[in-house]
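Trainee: As input, take work-v5.tsv (TSV, C-alpha atoms):
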chain	number	residue	atom	x	y	z
A	458	MET	CA	14.86	-16.66	14.27
A	459	LYS	CA	16.14	-16.57	17.81
A	460	LYS	CA	14.04	-15.83	20.85
A	461	TYR	CA	15.44	-14.63	24.12
A	462	GLY	CA	13.71	-14.20	27.45
A	463	PRO	CA	14.55	-10.64	28.54
A	464	ARG	CA	15.18	-9.58	32.10
A	465	ALA	CA	13.70	-6.12	32.40
A	466	ARG	CA	14.89	-3.64	35.00
A	467	VAL	CA	13.51	-0.11	34.99
A	468	CYS	CA	15.73	2.53	36.49
A	469	ALA	CA	14.52	6.10	37.07
A	470	GLY	CA	17.38	8.58	37.08
A	471	VAL	CA	20.10	5.91	37.13
A	472	MET	CA	22.75	6.72	34.54
A	473	SER	CA	25.48	4.52	33.16
A	474	ALA	CA	28.82	6.04	32.23
A	475	ILE	CA	27.52	6.50	28.71
A	476	ALA	CA	24.24	8.02	29.82
A	477	LEU	CA	26.03	10.67	31.85
A	478	ILE	CA	26.71	12.45	28.58
A	479	ALA	CA	24.32	15.38	28.05
A	480	VAL	CA	20.97	14.42	26.58
A	481	THR	CA	20.72	16.94	23.80
A	482	SER	CA	24.25	16.76	22.41
A	483	PRO	CA	27.46	14.77	22.80
A	484	ALA	CA	29.96	15.86	25.40
A	485	PRO	CA	33.06	17.66	24.14
A	486	ALA	CA	36.33	15.76	24.08
A	487	SER	CA	38.48	16.05	27.17
A	488	ALA	CA	41.90	17.71	27.10
A	489	ASP	CA	43.58	14.32	27.24
A	490	PRO	CA	41.13	11.93	25.56
A	491	ASP	CA	41.57	8.21	25.80
A	492	ALA	CA	41.86	6.95	22.25
A	493	HIS	CA	40.27	3.65	23.25
A	494	GLN	CA	37.09	5.22	24.62
A	495	PRO	CA	34.20	5.40	22.13
A	496	ARG	CA	32.76	8.83	21.42
A	497	TRP	CA	29.39	10.02	20.24
A	498	GLU	CA	29.48	10.77	16.52
A	499	LEU	CA	26.73	12.83	14.86
A	500	ARG	CA	25.53	10.68	11.96
A	501	TRP	CA	22.31	12.39	10.91
A	502	ASN	CA	20.99	15.95	11.05
A	503	PRO	CA	18.61	16.46	8.12
A	504	SER	CA	16.91	19.69	7.06
A	505	PRO	CA	13.20	19.80	6.09
A	506	ALA	CA	13.87	22.59	3.59
A	507	LYS	CA	16.92	20.98	1.99
A	508	ASP	CA	16.29	17.24	2.33
A	509	GLY	CA	12.50	17.02	2.55
A	510	VAL	CA	11.19	13.45	2.78
A	511	ASN	CA	14.41	12.23	1.13
A	512	ALA	CA	15.93	12.47	4.61
A	513	PHE	CA	14.24	9.14	5.28
A	514	GLU	CA	14.83	5.72	3.80
A	515	ALA	CA	11.22	5.22	2.70
A	516	LEU	CA	7.87	6.98	2.72
A	517	GLU	CA	4.63	5.32	3.87
A	518	ASP	CA	2.17	8.00	2.76
A	519	ASP	CA	-1.23	6.30	2.42
A	520	ARG	CA	0.45	3.25	0.90
A	521	ARG	CA	-2.96	1.57	0.35
A	522	GLY	CA	-4.22	4.48	-1.75
A	523	SER	CA	-7.23	5.00	0.51
A	524	HIS	CA	-7.29	8.80	0.36
A	525	PRO	CA	-5.51	10.20	-2.71
A	526	GLU	CA	-7.38	13.49	-2.32
A	527	GLY	CA	-5.52	14.05	0.94
A	528	LEU	CA	-2.01	13.70	-0.49
A	529	PRO	CA	0.56	14.43	0.66
A	530	HIS	CA	-0.03	13.10	4.16
A	531	VAL	CA	3.71	13.40	4.87
A	532	SER	CA	5.59	16.52	3.82
A	533	ALA	CA	8.19	19.09	4.76
A	534	ASP	CA	6.40	22.10	6.24
A	535	ARG	CA	8.83	25.03	6.59
A	536	ASP	CA	11.21	24.00	9.43
A	537	ALA	CA	9.44	20.73	10.31
A	538	TRP	CA	8.06	17.51	8.89
A	539	ARG	CA	4.27	17.23	9.02
A	540	PHE	CA	2.31	13.99	9.34
A	541	THR	CA	-1.41	14.40	8.68
A	542	ALA	CA	-4.08	11.87	9.66
A	543	HIS	CA	-7.53	12.06	8.10
A	544	LEU	CA	-10.49	10.06	9.33
A	545	GLU	CA	-10.79	8.32	5.96
A	546	ASP	CA	-7.15	7.20	5.81
A	547	ARG	CA	-6.76	3.40	5.94
A	548	ASP	CA	-3.86	0.96	6.08
A	549	GLY	CA	-5.98	-2.17	6.21
A	550	SER	CA	-9.49	-2.51	7.58
A	551	ASP	CA	-8.88	-1.39	11.16
A	552	ARG	CA	-5.95	1.07	11.13
A	553	MET	CA	-4.34	4.04	9.42
A	554	ARG	CA	-0.66	4.77	8.82
A	555	ASN	CA	1.23	7.79	7.52
A	556	GLU	CA	4.87	7.34	8.49
A	557	VAL	CA	8.45	7.57	7.33
A	558	ARG	CA	11.03	4.91	8.07
A	559	GLY	CA	14.79	4.81	8.32
A	560	MET	CA	17.45	7.50	7.97
A	561	ARG	CA	19.43	8.49	4.89
A	562	ALA	CA	22.81	10.17	4.93
A	563	HIS	CA	23.42	13.18	2.68
A	564	ASP	CA	24.85	10.86	-0.01
A	565	GLY	CA	21.59	8.88	-0.03
A	566	THR	CA	22.87	5.73	1.68
A	567	PRO	CA	20.74	4.28	4.51
A	568	LEU	CA	22.09	4.53	8.05
A	569	GLU	CA	21.97	0.99	9.40
A	570	ILE	CA	21.58	0.40	13.13
A	571	ARG	CA	23.47	-2.84	13.62
A	572	LYS	CA	23.92	-5.36	16.42
A	573	ASP	CA	25.53	-4.08	19.63
A	574	GLN	CA	25.60	-0.50	18.36
A	575	THR	CA	24.42	2.27	20.68
A	576	TRP	CA	22.46	5.16	19.22
A	577	ARG	CA	20.86	8.33	20.51
A	578	ILE	CA	18.01	9.94	18.54
A	579	SER	CA	16.78	13.36	19.63
A	580	TYR	CA	14.13	15.64	18.14
A	581	GLN	CA	11.37	18.09	18.93
A	582	MET	CA	7.72	17.22	18.41
A	583	TYR	CA	4.49	19.18	18.45
A	584	ILE	CA	1.43	17.15	19.47
A	585	PRO	CA	-1.81	19.11	19.01
A	586	ASP	CA	-4.78	18.47	21.27
A	587	THR	CA	-6.54	16.81	18.32
A	588	LEU	CA	-3.98	13.99	18.46
A	589	ASP	CA	-5.56	12.19	21.37
A	590	ALA	CA	-4.39	9.14	23.24
A	591	THR	CA	-6.58	6.16	22.38
A	592	THR	CA	-7.89	3.05	24.09
A	593	SER	CA	-6.53	1.06	21.17
A	594	PHE	CA	-3.06	1.76	19.74
A	595	THR	CA	-1.62	5.09	18.60
A	596	HIS	CA	2.13	5.17	17.89
A	597	ILE	CA	4.15	8.27	16.98
A	598	TRP	CA	7.65	6.69	16.92
A	599	GLN	CA	8.75	3.08	16.38
A	600	LEU	CA	11.90	0.98	16.10
A	601	LYS	CA	11.50	-1.94	13.71
A	602	ASN	CA	13.31	-4.24	11.30
A	603	SER	CA	12.15	-5.71	8.02
A	604	ASP	CA	11.96	-9.39	8.93
A	605	VAL	CA	9.64	-9.15	11.95
A	606	GLY	CA	6.21	-7.56	12.01
A	607	THR	CA	6.32	-6.99	15.76
A	608	PRO	CA	7.83	-3.59	16.66
A	609	ILE	CA	10.97	-3.56	18.82
A	610	ALA	CA	10.21	-0.32	20.66
A	611	GLN	CA	7.73	2.56	20.48
A	612	ILE	CA	6.63	5.94	21.75
A	613	SER	CA	2.86	5.62	22.03
A	614	LEU	CA	-0.22	7.54	23.18
A	615	PRO	CA	-2.31	5.17	25.34
A	616	VAL	CA	-5.17	5.80	27.73
A	617	ILE	CA	-4.20	4.37	31.14
A	618	GLY	CA	-6.72	4.42	33.97
A	619	GLY	CA	-8.86	6.87	32.03
A	620	VAL	CA	-5.97	9.36	31.67
A	621	GLN	CA	-4.27	10.28	28.39
A	622	LYS	CA	-0.60	9.33	28.51
A	623	ILE	CA	2.54	9.32	26.42
A	624	ALA	CA	4.56	6.14	26.97
A	625	ALA	CA	7.89	4.58	26.04
A	626	ARG	CA	7.74	0.82	25.59
A	627	TYR	CA	9.68	-2.15	24.31
A	628	TRP	CA	8.31	-5.44	23.02
A	629	THR	CA	9.18	-9.05	23.74
A	630	LEU	CA	9.16	-11.27	20.68
A	631	GLU	CA	8.40	-14.63	22.25
A	632	ASP	CA	5.00	-13.52	23.58
A	633	ASN	CA	4.39	-10.56	21.23
A	634	LYS	CA	3.71	-8.22	24.16
A	635	SER	CA	4.57	-4.60	24.87
A	636	HIS	CA	6.01	-3.29	28.13
A	637	ASP	CA	5.67	0.37	29.12
A	638	PHE	CA	8.70	1.39	31.19
A	639	ALA	CA	8.04	5.16	31.37
A	640	THR	CA	4.91	7.30	31.06
A	641	ALA	CA	3.85	10.93	31.42
A	642	ASP	CA	0.58	12.80	31.18
A	643	LEU	CA	-0.14	13.78	27.60
A	644	GLU	CA	-2.34	16.87	27.97
A	645	PRO	CA	0.33	19.14	29.60
A	646	ILE	CA	2.66	18.67	26.61
A	647	GLN	CA	0.09	19.16	23.85
A	648	ASN	CA	0.01	22.32	21.72
A	649	LYS	CA	3.67	23.10	22.40
A	650	TRP	CA	7.11	22.02	21.23
A	651	VAL	CA	8.75	19.42	23.51
A	652	THR	CA	12.02	17.53	23.13
A	653	THR	CA	12.27	13.77	23.23
A	654	THR	CA	15.42	11.65	23.24
A	655	ILE	CA	15.61	7.89	22.76
A	656	GLU	CA	18.92	6.21	23.54
A	657	PHE	CA	19.31	2.47	23.06
A	658	LYS	CA	21.75	-0.35	22.58
A	659	SER	CA	20.69	-2.54	19.68
A	660	GLY	CA	21.71	-5.88	21.16
A	661	ASP	CA	20.56	-9.14	22.72
A	662	ASP	CA	21.28	-7.61	26.12
A	663	GLY	CA	20.39	-4.05	25.28
A	664	TYR	CA	18.86	-1.07	26.99
A	665	MET	CA	16.51	1.79	26.16
A	666	ARG	CA	16.45	5.19	27.81
A	667	TRP	CA	13.72	7.77	27.20
A	668	VAL	CA	13.97	11.46	28.10
A	669	LEU	CA	11.10	13.92	27.66
A	670	GLN	CA	11.73	17.63	28.22
A	671	ASP	CA	9.54	20.72	28.20
A	672	GLY	CA	12.09	23.47	27.68
A	673	ARG	CA	14.64	23.05	30.46
A	674	ARG	CA	12.24	21.02	32.60
A	675	THR	CA	12.77	17.27	32.47
A	676	ILE	CA	9.44	15.46	32.63
A	677	VAL	CA	10.72	11.90	32.23
A	678	ASP	CA	14.18	10.34	32.33
A	679	GLN	CA	13.91	6.58	32.67
A	680	ARG	CA	15.69	3.54	31.37
A	681	ALA	CA	15.02	-0.18	30.88
A	682	ASP	CA	18.00	-2.54	31.00
A	683	ASN	CA	18.66	-6.17	30.04
A	684	ILE	CA	16.16	-6.17	27.19
A	685	ASP	CA	16.47	-7.84	23.80
A	686	LEU	CA	16.54	-5.20	21.05
A	687	TRP	CA	18.12	-7.36	18.33
A	688	TRP	CA	15.87	-9.93	16.69
A	689	THR	CA	17.41	-10.86	13.36
A	690	GLN	CA	20.89	-11.36	12.01
A	691	GLU	CA	20.42	-10.11	8.45
A	692	GLN	CA	18.34	-6.96	8.79
A	693	TYR	CA	19.10	-3.77	10.64
A	694	ASN	CA	17.00	-1.75	13.05
A	695	ARG	CA	15.53	1.52	11.84
A	696	PRO	CA	13.37	4.20	13.42
A	697	LYS	CA	9.98	5.36	12.16
A	698	TRP	CA	8.15	8.64	12.70
A	699	GLY	CA	4.53	9.51	12.02
A	700	ILE	CA	1.00	8.55	13.03
A	701	TYR	CA	0.04	4.88	13.10
A	702	ARG	CA	-3.22	4.30	14.93
A	703	SER	CA	-6.24	2.06	15.25
A	704	ILE	CA	-9.54	3.44	13.98
A	705	LYS	CA	-11.45	1.46	16.62
A	706	SER	CA	-11.17	4.07	19.38
A	707	ALA	CA	-14.13	6.41	19.81
A	708	GLY	CA	-13.76	10.16	19.26
A	709	LEU	CA	-10.92	10.13	16.71
A	710	GLN	CA	-10.34	13.49	15.06
A	711	GLU	CA	-8.54	14.64	11.96
A	712	THR	CA	-5.11	15.57	13.27
A	713	TYR	CA	-1.41	15.96	12.60
A	714	LEU	CA	2.05	15.62	14.18
A	715	LEU	CA	5.04	17.92	13.64
A	716	VAL	CA	8.68	16.84	14.03
A	717	ARG	CA	11.80	19.03	13.75
A	718	ASP	CA	15.48	19.25	14.79
A	719	LEU	CA	16.14	15.58	14.08
A	720	ASN	CA	19.56	14.36	15.21
A	721	ALA	CA	21.06	10.90	15.51
A	722	TRP	CA	24.38	10.07	17.17
A	723	GLN	CA	26.19	6.76	17.26
A	724	LEU	CA	28.54	5.75	20.04
A	725	GLY	CA	31.82	4.76	18.46
A	726	PRO	CA	32.68	4.21	14.80
A	727	ALA	CA	30.20	2.97	12.24
A	728	ALA	CA	30.19	-0.73	11.52
A	729	PRO	CA	31.53	-1.78	8.10
A	730	PRO	CA	28.94	-2.65	5.46
A	731	VAL	CA	27.57	-6.16	5.53
A	732	THR	CA	29.13	-8.45	2.92
A	733	LEU	CA	26.42	-10.11	0.84
A	734	PRO	CA	26.39	-12.33	-2.26
A	735	PRO	CA	26.72	-10.67	-5.68
A	736	PRO	CA	23.76	-10.48	-8.07
A	737	ASP	CA	23.15	-13.13	-10.72
A	738	ARG	CA	24.47	-11.70	-14.00
A	739	SER	CA	23.73	-14.78	-16.11
A	740	PRO	CA	21.46	-14.51	-19.19
A	741	GLY	CA	17.77	-14.56	-18.34
A	742	ALA	CA	18.27	-13.77	-14.62
A	743	TYR	CA	16.32	-10.88	-13.07
A	744	GLU	CA	16.82	-9.94	-9.44
A	745	ALA	CA	13.67	-9.03	-7.50
A	746	GLU	CA	15.42	-5.98	-6.00
A	747	ARG	CA	16.65	-4.76	-9.40
A	748	VAL	CA	16.46	-0.99	-9.99
A	749	GLY	CA	13.35	-0.18	-12.01
A	750	ASN	CA	11.19	-2.92	-10.52
A	751	VAL	CA	8.02	-1.94	-8.67
A	752	TRP	CA	7.22	-2.68	-5.02
A	753	GLU	CA	3.78	-1.53	-4.01
A	754	GLY	CA	2.15	-1.25	-0.59
A	755	ALA	CA	4.21	-2.92	2.11
A	756	ALA	CA	6.41	-4.88	-0.33
A	757	GLU	CA	10.05	-3.80	-0.13
A	758	PRO	CA	13.60	-5.12	-0.63
A	759	ALA	CA	15.42	-6.45	2.43
A	760	TYR	CA	18.79	-8.04	3.11
A	761	CYS	CA	19.17	-11.78	2.52
A	762	ALA	CA	22.42	-13.63	3.21
A	763	VAL	CA	21.42	-16.66	1.09
A	764	CYS	CA	19.95	-14.76	-1.88
A	765	SER	CA	21.77	-13.73	-5.02
A	766	GLY	CA	22.40	-10.02	-4.89
A	767	GLY	CA	22.11	-10.21	-1.10
A	768	ARG	CA	18.50	-9.05	-1.16
A	769	LYS	CA	14.95	-10.31	-1.42
A	770	VAL	CA	11.56	-8.63	-1.73
A	771	ILE	CA	9.33	-9.25	1.28
A	772	LEU	CA	5.69	-8.69	2.22
A	773	ILE	CA	4.18	-9.70	-1.11
A	774	GLY	CA	0.53	-10.69	-1.08
A	775	GLY	CA	-2.22	-10.97	1.50
A	776	ASN	CA	-4.35	-8.25	-0.09
A	777	VAL	CA	-4.74	-6.26	-3.29
A	778	TYR	CA	-2.16	-3.64	-2.29
A	779	ASP	CA	1.10	-5.50	-1.58
A	780	TYR	CA	2.75	-6.77	-4.74
A	781	ALA	CA	5.97	-6.72	-6.76
A	782	VAL	CA	6.53	-6.27	-10.48
A	783	VAL	CA	9.68	-7.45	-12.24
A	784	LYS	CA	10.13	-5.15	-15.23
A	785	GLY	CA	12.33	-5.28	-18.29
A	786	VAL	CA	12.06	-9.03	-18.91
A	787	LEU	CA	13.34	-9.51	-22.47
A	788	SER	CA	12.31	-12.08	-25.04
A	789	GLU	CA	13.52	-12.31	-28.63
A	790	THR	CA	10.33	-14.02	-29.79
A	791	THR	CA	6.70	-14.35	-28.81
A	792	GLY	CA	5.97	-17.69	-27.20
A	793	THR	CA	5.98	-19.82	-24.08
A	794	ARG	CA	9.14	-19.80	-21.98
A	795	GLN	CA	10.08	-21.47	-18.69
A	796	MET	CA	10.36	-19.21	-15.64
A	797	THR	CA	12.16	-20.49	-12.53
A	798	VAL	CA	11.16	-18.59	-9.41
A	799	HIS	CA	13.73	-18.41	-6.59
A	800	ALA	CA	12.25	-17.54	-3.20
A	801	LEU	CA	12.36	-18.12	0.55
A	802	VAL	CA	9.26	-19.99	1.62
A	803	ASP	CA	7.76	-20.41	5.07
A	804	GLY	CA	6.14	-23.85	4.80
A	805	ALA	CA	3.61	-23.96	1.96
A	806	GLN	CA	2.99	-20.64	0.21
A	807	SER	CA	2.24	-19.47	-3.29
A	808	PHE	CA	2.38	-16.53	-5.66
A	809	ARG	CA	-0.12	-15.47	-8.26
A	810	VAL	CA	1.78	-14.44	-11.41
A	811	SER	CA	0.47	-12.20	-14.18
A	812	VAL	CA	2.49	-11.53	-17.32
A	813	ASN	CA	1.82	-8.24	-19.10
A	814	GLY	CA	-1.51	-7.85	-17.31
A	815	ALA	CA	-2.94	-11.17	-18.53
A	816	ASP	CA	-4.90	-13.63	-16.38
A	817	SER	CA	-2.82	-14.91	-13.49
A	818	SER	CA	-1.65	-18.40	-12.67
A	819	GLU	CA	-0.56	-19.89	-9.35
A	820	VAL	CA	3.02	-20.78	-8.43
A	821	PRO	CA	2.86	-23.06	-5.37
A	822	MET	CA	6.07	-23.45	-3.35
A	823	THR	CA	7.13	-25.38	-0.25
A	824	GLY	CA	10.29	-24.72	1.72
A	825	THR	CA	11.95	-22.93	4.64
A	826	LYS	CA	12.85	-19.27	5.24
A	827	ASP	CA	16.58	-19.96	5.51
A	828	THR	CA	16.94	-21.73	2.15
A	829	VAL	CA	16.23	-20.58	-1.39
A	830	THR	CA	13.53	-22.76	-2.95
A	831	THR	CA	12.75	-22.92	-6.67
A	832	ALA	CA	9.68	-23.64	-8.76
A	833	THR	CA	9.47	-23.63	-12.56
A	834	VAL	CA	6.33	-22.65	-14.47
A	835	PRO	CA	5.54	-21.76	-18.10
A	836	VAL	CA	4.97	-18.08	-18.96
A	837	ASP	CA	3.77	-16.55	-22.20
A	838	LEU	CA	6.05	-13.70	-23.26
A	839	VAL	CA	5.85	-11.28	-26.16
A	840	ALA	CA	8.76	-10.31	-28.33
A	841	GLY	CA	10.48	-7.38	-26.69
A	842	VAL	CA	9.99	-6.17	-23.12
A	843	ASN	CA	7.70	-7.89	-20.61
A	844	THR	CA	6.53	-7.23	-17.05
A	845	ILE	CA	5.73	-9.96	-14.52
A	846	ARG	CA	3.60	-9.19	-11.47
A	847	PHE	CA	3.82	-11.26	-8.27
A	848	PHE	CA	0.87	-11.02	-5.87
A	849	ASP	CA	-1.72	-12.97	-3.89
A	850	LEU	CA	-5.06	-11.61	-2.76
A	851	ASP	CA	-5.59	-14.03	0.12
A	852	ALA	CA	-2.30	-14.70	1.94
A	853	ARG	CA	1.32	-13.61	2.18
A	854	GLY	CA	3.45	-15.15	-0.51
A	855	PRO	CA	7.08	-16.27	-0.42
A	856	GLU	CA	9.94	-13.78	-0.25
A	857	LEU	CA	11.13	-13.28	-3.82
A	858	ASP	CA	14.85	-13.59	-4.62
A	859	LYS	CA	14.96	-13.63	-8.42
A	860	ILE	CA	13.51	-15.17	-11.56
A	861	VAL	CA	15.36	-16.93	-14.39
A	862	ILE	CA	13.83	-17.13	-17.86
A	863	LYS	CA	14.88	-19.88	-20.30
Here is a file; write its structure as structure tokens.

Mentor:
Amino acid sequence: MKKYGPRARVCAGVMSAIALIAVTSPAPASADPDAHQPRWELRWNPSPAKDGVNAFEALEDDRRGSHPEGLPHVSADRDAWRFTAHLEDRDGSDRMRNEVRGMRAHDGTPLEIRKDQTWRISYQMYIPDTLDATTSFTHIWQLKNSDVGTPIAQISLPVIGGVQKIAARYWTLEDNKSHDFATADLEPIQNKWVTTTIEFKSGDDGYMRWVLQDGRRTIVDQRADNIDLWWTQEQYNRPKWGIYRSIKSAGLQETYLLVRDLNAWQLGPAAPPVTLPPPDRSPGAYEAERVGNVWEGAAEPAYCAVCSGGRKVILIGGNVYDYAVVKGVLSETTGTRQMTVHALVDGAQSFRVSVNGADSSEVPMTGTKDTVTTATVPVDLVAGVNTIRFFDLDARGPELDKIVIK
């Protein structure tokens, strides 16, 4: 993973040639357009009524199962998406999270924000006065990728100098720190619909511009240049909406957030799909990302240039919630077989493996995150169809590529 030292420059009201385009929609083509000049292309404009939560790549609605009585925490509510936060919601011991991540086109394919692409995301949001700024973290929009836990950028609700604020910030990876480059008072924009626009270049030398409008009045229009907004070569950046907050701040209330009129434009043509290795079709091979498998909690498939099938399953283990299940493992007879686990390992890590719900055994592995490592262990299968669960209650496990049964 690369690390760059960013040079941050905050510019209030300074527009580049691209940023001179109107905030809320792309500029119309000129009478004599230059074919070599990139144009803003509308890539995403979902409808709550028609698309619902399928407008997003994935749903993080109480993924730890802390408050099933409160479901759904994320839903389409007439002309908006509603994110509800209850006091009993938990995503770990010290925080709660009810979010959506990523964008899906009408055909269901994810919209991937790739390196050196410039995007503009605009939407309206309704922040009630019960959604307070907090002395610890409260985020209502994020930009992240799968390989790095640290967020790339955020819209957050901090308390600064005793005053509730709404802030746009980016993060620096090498020191894991956030940098607010634009803020506004929160209370004047609560209990009403306001428009926010985030424009950014997803590159090593990128920029981020944040515009906040109350009707026709512009409250904030600021930009940070020369910042690193591209942290990994394999994954893509994707936005997140919802409520992700610490429970350590005093005075938290049950609350909600509403979002509507979502639009996303890309400057210039879409990048071609990434070329990745084909899946392993040999007898006894089962890809971790195979359709029908189960990924619970934070576990999810992600791109992997060195993995068969071009994908791996990440964020397995570390608690009781985050695990993966490989389903449909066939065996002609009942007996002990050899299972070879293929995974990317960060030093010394291990899985716990349970076959068909039986007692688990450990699969220790040692390796590096840029190379597929293997370990072979015996597993007891029954004749017919088997399920194999990968988990660890104490620490994150390796990133699972596939298994091969012989």

Trainee: I'd like the neighbourhood of Arg738 in chain A as number ranges by chain, where a residue qualifies if any of its atoms comes within 12 Å (using only C-alpha atoms), though same-chain residues fewer than 2 positions away should be ignored.

Mentor: A: 734-736, 740-744, 747, 765-766, 859-861

Trainee: Once 3 Å is added on each side, what are the centre and the three edge lengths, in Å to one decimal, of the axis-aligned box enclosing the listed atoms of range 688-693 of chain A? Present them as JSON.

Mentor:
{"center_x": 18.4, "center_y": -7.6, "center_z": 12.6, "size_x": 11.0, "size_y": 13.6, "size_z": 14.2}

Trainee: When you draw a straight line from CA of Met582 in chain A to CA of Trp722 in chain A, how long is it in Å?

Mentor: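 Atom-to-atom, CA of Met582 in chain A to CA of Trp722 in chain A, that is 18.2 Å.
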
Trainee: May I have the residues within 8 Å of range 524-541 of chain A as a PDB file with C-alpha atoms, keeping the file's coordinate frame, using only C-alpha atoms and disregarding those fewer than 3 positions away in the same chain?

Mentor:
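File selection-v6.pdb, as written:
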ATOM      1  CA  SER A 504      16.910  19.690   7.060  1.00  0.00           C
ATOM      2  CA  PRO A 505      13.200  19.800   6.090  1.00  0.00           C
ATOM      3  CA  ALA A 506      13.870  22.590   3.590  1.00  0.00           C
ATOM      4  CA  GLY A 509      12.500  17.020   2.550  1.00  0.00           C
ATOM      5  CA  VAL A 510      11.190  13.450   2.780  1.00  0.00           C
ATOM      6  CA  LEU A 516       7.870   6.980   2.720  1.00  0.00           C
ATOM      7  CA  ASP A 518       2.170   8.000   2.760  1.00  0.00           C
ATOM      8  CA  ASP A 519      -1.230   6.300   2.420  1.00  0.00           C
ATOM      9  CA  GLU A 545     -10.790   8.320   5.960  1.00  0.00           C
ATOM     10  CA  ASP A 546      -7.150   7.200   5.810  1.00  0.00           C
ATOM     11  CA  ARG A 547      -6.760   3.400   5.940  1.00  0.00           C
ATOM     12  CA  ASN A 555       1.230   7.790   7.520  1.00  0.00           C
ATOM     13  CA  GLU A 556       4.870   7.340   8.490  1.00  0.00           C
ATOM     14  CA  VAL A 557       8.450   7.570   7.330  1.00  0.00           C
ATOM     15  CA  GLY A 699       4.530   9.510  12.020  1.00  0.00           C
ATOM     16  CA  ILE A 700       1.000   8.550  13.030  1.00  0.00           C
ATOM     17  CA  GLU A 711      -8.540  14.640  11.960  1.00  0.00           C
ATOM     18  CA  THR A 712      -5.110  15.570  13.270  1.00  0.00           C
ATOM     19  CA  TYR A 713      -1.410  15.960  12.600  1.00  0.00           C
ATOM     20  CA  LEU A 714       2.050  15.620  14.180  1.00  0.00           C
ATOM     21  CA  LEU A 715       5.040  17.920  13.640  1.00  0.00           C
ATOM     22  CA  VAL A 716       8.680  16.840  14.030  1.00  0.00           C
ATOM     23  CA  ARG A 717      11.800  19.030  13.750  1.00  0.00           C
ATOM     24  CA  ASP A 718      15.480  19.250  14.790  1.00  0.00           C
TER      25      ASP A 718
END

Trainee: Fewer than 5 positions away in the same chain doesn't count, so skip those; otherwise give me all residues within 7 Å of range 769-784 of chain A, counting all atoms listed in the file, as a ChimeraX atom specification.

Mentor: /A:521,745-746,749-761,764,843-854,856-858

Trainee: Skipping near chain neighbours, those fewer than 6 positions away, what residues fall within 7 Å of Thr595 in chain A using all atoms listed in the file, listed as a list of chain:residue names?

Mentor: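 So the residues in contact are A:Ser613, A:Leu614, A:Pro615, A:Tyr701, A:Arg702, A:Ser703.
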
Trainee: Could you tell me how far CA of Asp803 in chain A lies from CA of Lys826 in chain A, in Å and to one decimal?

Mentor: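 According to the coordinates, CA of Asp803 in chain A and CA of Lys826 in chain A are separated by 5.2 Å.
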
Trainee: Tell me which of A:Tyr583, A:Trp598, A:Trp501, A:Trp628 sits closest to His563 in chain A, counting all atoms listed in the file.

Mentor: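 Counting all atoms listed in the file, the residue closest to His563 in chain A is A:Trp501.
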
Trainee: As an exercise, work out the distance from CA of Lys634 in chain A to CA of Met665 in chain A in Å and give it to one decimal place.

Mentor: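 Atom-to-atom, CA of Lys634 in chain A and CA of Met665 in chain A are spaced 16.4 Å apart.
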
Trainee: As a list in words, please: the residues near Ala805 in chain A (cut-off 7 Å, all atoms listed in the file, same-chain neighbours under 6 positions excluded).

Mentor: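 Answer for this query is Met822, Thr823 and Gly824 of chain A.
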